[in-house]
Amino acid sequence: MPNVLPGSFDLHIIDTCNLNCKGCVVLDYLQDGRITNSRYELSDVKEVIENLTRLDLHLEELKILGGEPTLHTNLDEIVDYLLSTNRFDFLSLVTNGLNFTPKIVNTLKKLDRLVISVYPLEEDLGDIIQASDLYKDLSSHVDVSFWRQNGFHLWGEEEDNIPYSTKLNWERCYQKDTCRVITKKHLYRCTTTYSEKKDMCTWDNTQQVVDFINSDIPLSHCAVCPFPPKLQKWESNNLPIDTKNFHRGINLIKNY
Ligand SMILES: C[S@@+](CC[C@H](N)C(=O)[O-])C[C@H]1O[C@@H](n2cnc3c(N)ncnc32)[C@H](O)[C@@H]1O
Ligand code: SF4
Ligand code: SF4
């Protein structure tokens, strides 16, 4: 029996996007324009999965994201490859829902779960999708859910009037269970340490990885990562471009 790693693991396959969210945890880290993830080709994805196979590890959920994963030109090949590996129970993808071309929709139908992040642009994308033929088709194949992202975390900054400590940050943080990140060389317990390139584990041996994932000891970065961090209203770093891409995305949905 393989060693099951509970929780959700993020695989970042692209470092570009059709939106410019201010403070995106990987494309505008700490709001200084820092891009902290990389583009992975199919060969890179294979290297990540080969680590799991070599150490006989099985994930509860593998999540594909980025950047905007539907912009990856080889998404279909990556999904087909991942599905052939049998290294996880559920395959999910997180998208901003603005690139639903027929080809992409066919790929997305192969997944177990699709999460659509909805940003406060001109109209509610979730409502538009739910009223569409595209949604009828998609949701008959894959479990679709919506994350309405009206507020964005300002990582590293405290909210007013909340007590913080390393232990409290760790205990309150959802990231350690739902946003573990796997790369060719390392595993991280959260997107923040992935962006910082801190507190990581190597793929050297099975027990070390199992202990790292099951550990309930705060990471060293939790000492300077107040959780919950300050929340700011979602904003675009480039509203004209994002509005144009929003309209293009809506047209794809309505004309599906
Ligand atoms: C990095 S995005 C990648 C997938 C896709 N582009 C999207 O937006 O859904 C994954 C998730 O992280 C969330 N996210 C990114 N930066 C964030 C921040 N600073 N605070 C809160 N959520 C954030 C996004 O809203 C999205 O739900
Ligand atoms: S849509 Fe997703 S990847 Fe793109 S900038 Fe916004 S949060 Fe980041
Ligand atoms: S460093 Fe700690 S508190 Fe910050 S996101 Fe990671 S697990 Fe959460």
# chains A, B, ... in the order shown; residues from 1 in each chain; ligands from 1
>>> residues_near_ligand(ligand="ligand 1", cutoff="6 Å", atoms="only C-alpha atoms and all ligand atoms", output="PyMOL selection string")
chain A and resi 23-26+65-68+94-96+116-117+149+152-154
>>> residues_around(residues="Leu239 in chain A", least_positions_apart="4", cutoff="9 Å", atoms="only C-alpha atoms", output="list in words")
Leu19, Asn20, Glu235, Thr243 and Lys244 of chain A
>>> atom_distance(atom1="CA of His221 in chain A", atom2="atom 1 (S, counted along the ligand's line) of ligand 3")
4.6 Å
>>> residues_near_ligand(ligand="ligand 3", cutoff="7 Å", atoms="only C-alpha atoms and all ligand atoms", output="compact mmCIF listing (two decimals) with N, CA and C atoms, in the first residue's frame")
# COMPACT_ATOMS: atom_id res chain seq x y z
N ASN A 169 -0.71 31.83 14.57
CA ASN A 169 -0.66 31.94 13.10
C ASN A 169 -0.80 30.56 12.46
N TRP A 170 0.01 29.65 12.96
CA TRP A 170 0.02 28.28 12.42
C TRP A 170 -1.34 27.61 12.63
N CYS A 173 -4.16 28.93 10.34
CA CYS A 173 -3.91 29.04 8.90
C CYS A 173 -4.44 27.82 8.13
N TYR A 174 -5.27 28.08 7.11
CA TYR A 174 -5.80 26.99 6.27
C TYR A 174 -4.75 26.51 5.26
N GLN A 175 -3.78 27.37 4.98
CA GLN A 175 -2.83 27.08 3.91
C GLN A 175 -2.04 25.78 4.14
N LYS A 176 -1.74 25.50 5.42
CA LYS A 176 -0.89 24.32 5.70
C LYS A 176 -1.55 23.01 5.30
N ARG A 189 4.73 23.64 2.76
CA ARG A 189 3.46 23.51 3.47
C ARG A 189 2.45 24.60 3.10
N CYS A 190 2.89 25.64 2.38
CA CYS A 190 1.95 26.72 2.06
C CYS A 190 2.50 27.53 0.87
N THR A 191 1.62 28.32 0.26
CA THR A 191 2.06 29.12 -0.90
C THR A 191 3.05 30.19 -0.46
N THR A 192 2.88 30.68 0.78
CA THR A 192 3.77 31.75 1.24
C THR A 192 5.22 31.27 1.34
N THR A 193 5.43 30.10 1.94
CA THR A 193 6.82 29.61 2.03
C THR A 193 7.33 29.20 0.65
N PRO A 218 4.75 24.59 14.11
CA PRO A 218 4.78 25.75 13.20
C PRO A 218 6.07 25.83 12.39
N LEU A 219 5.96 26.36 11.19
CA LEU A 219 7.14 26.59 10.34
C LEU A 219 7.89 27.78 10.89
N HIS A 221 8.76 30.33 9.28
CA HIS A 221 8.19 31.54 8.68
C HIS A 221 6.88 31.97 9.36
N CYS A 222 6.22 31.05 10.08
CA CYS A 222 4.97 31.44 10.78
C CYS A 222 5.24 32.56 11.80
N CYS A 225 4.62 35.68 9.77
CA CYS A 225 3.53 35.57 8.79
C CYS A 225 2.20 35.60 9.56
N PRO A 226 1.76 36.81 9.98
CA PRO A 226 0.53 36.88 10.76
C PRO A 226 -0.65 36.28 10.01
N PHE A 227 -1.38 35.40 10.70
CA PHE A 227 -2.56 34.82 10.08
C PHE A 227 -3.76 34.94 11.01
>>> residues_around(residues="Thr206 in chain A", least_positions_apart="5", cutoff="8 Å", atoms="only C-alpha atoms", output="list in words")
Leu55, Asp56 and Leu57 of chain A
>>> write_last_selection(atoms="C-alpha atoms", output="compact mmCIF listing (two decimals), in the first residue's frame")
# COMPACT_ATOMS: atom_id res chain seq x y z
CA LEU A 55 8.94 7.30 -2.67
CA ASP A 56 5.67 5.36 -3.08
CA LEU A 57 3.54 8.34 -2.10
>>> residues_around(residues="Leu138 in chain A", least_positions_apart="5", cutoff="8 Å", atoms="only C-alpha atoms", output="PDB file with C-alpha atoms, in the first residue's frame")
ATOM      1  CA  VAL A 105     -13.548  22.798 -21.748  1.00  0.00           C
ATOM      2  CA  LEU A 108     -11.514  20.337 -17.944  1.00  0.00           C
ATOM      3  CA  LYS A 109     -14.249  17.699 -18.271  1.00  0.00           C
ATOM      4  CA  VAL A 144     -17.714  22.860 -10.209  1.00  0.00           C
TER       5      VAL A 144
END
>>> residues_around(residues="Phe212 in chain A", least_positions_apart="4", cutoff="10 Å", atoms="only C-alpha atoms", output="MDAnalysis selection string")
chainID A and resid 187:189 199:202 206:208 216:217
>>> write_last_selection(atoms="N, CA and C atoms", output="compact mmCIF listing (two decimals), in the first residue's frame")
# COMPACT_ATOMS: atom_id res chain seq x y z
N LEU A 187 8.98 20.20 -1.47
CA LEU A 187 7.58 20.33 -1.05
C LEU A 187 7.53 21.49 -0.06
N TYR A 188 6.43 22.20 -0.08
CA TYR A 188 6.23 23.32 0.86
C TYR A 188 4.88 23.13 1.54
N ARG A 189 4.73 23.64 2.76
CA ARG A 189 3.46 23.51 3.47
C ARG A 189 2.45 24.60 3.10
N ASP A 199 11.56 26.96 4.46
CA ASP A 199 10.84 25.90 5.19
C ASP A 199 10.38 24.77 4.27
N MET A 200 11.25 24.37 3.36
CA MET A 200 10.85 23.32 2.43
C MET A 200 11.41 21.97 2.84
N CYS A 201 10.90 20.91 2.19
CA CYS A 201 11.39 19.55 2.42
C CYS A 201 11.85 19.02 1.07
N THR A 202 12.91 18.22 1.06
CA THR A 202 13.36 17.62 -0.20
C THR A 202 12.65 16.27 -0.40
N THR A 206 11.01 8.75 2.04
CA THR A 206 9.56 8.70 2.26
C THR A 206 9.18 9.19 3.66
N GLN A 207 9.89 8.68 4.67
CA GLN A 207 9.50 9.03 6.05
C GLN A 207 9.64 10.52 6.31
N GLN A 208 10.70 11.09 5.76
CA GLN A 208 10.93 12.53 5.92
C GLN A 208 9.77 13.33 5.32
N ASP A 216 2.75 18.93 13.07
CA ASP A 216 1.90 20.01 13.59
C ASP A 216 2.75 21.06 14.34
N ILE A 217 3.99 21.16 13.95
CA ILE A 217 4.89 22.16 14.54
C ILE A 217 4.95 23.36 13.59
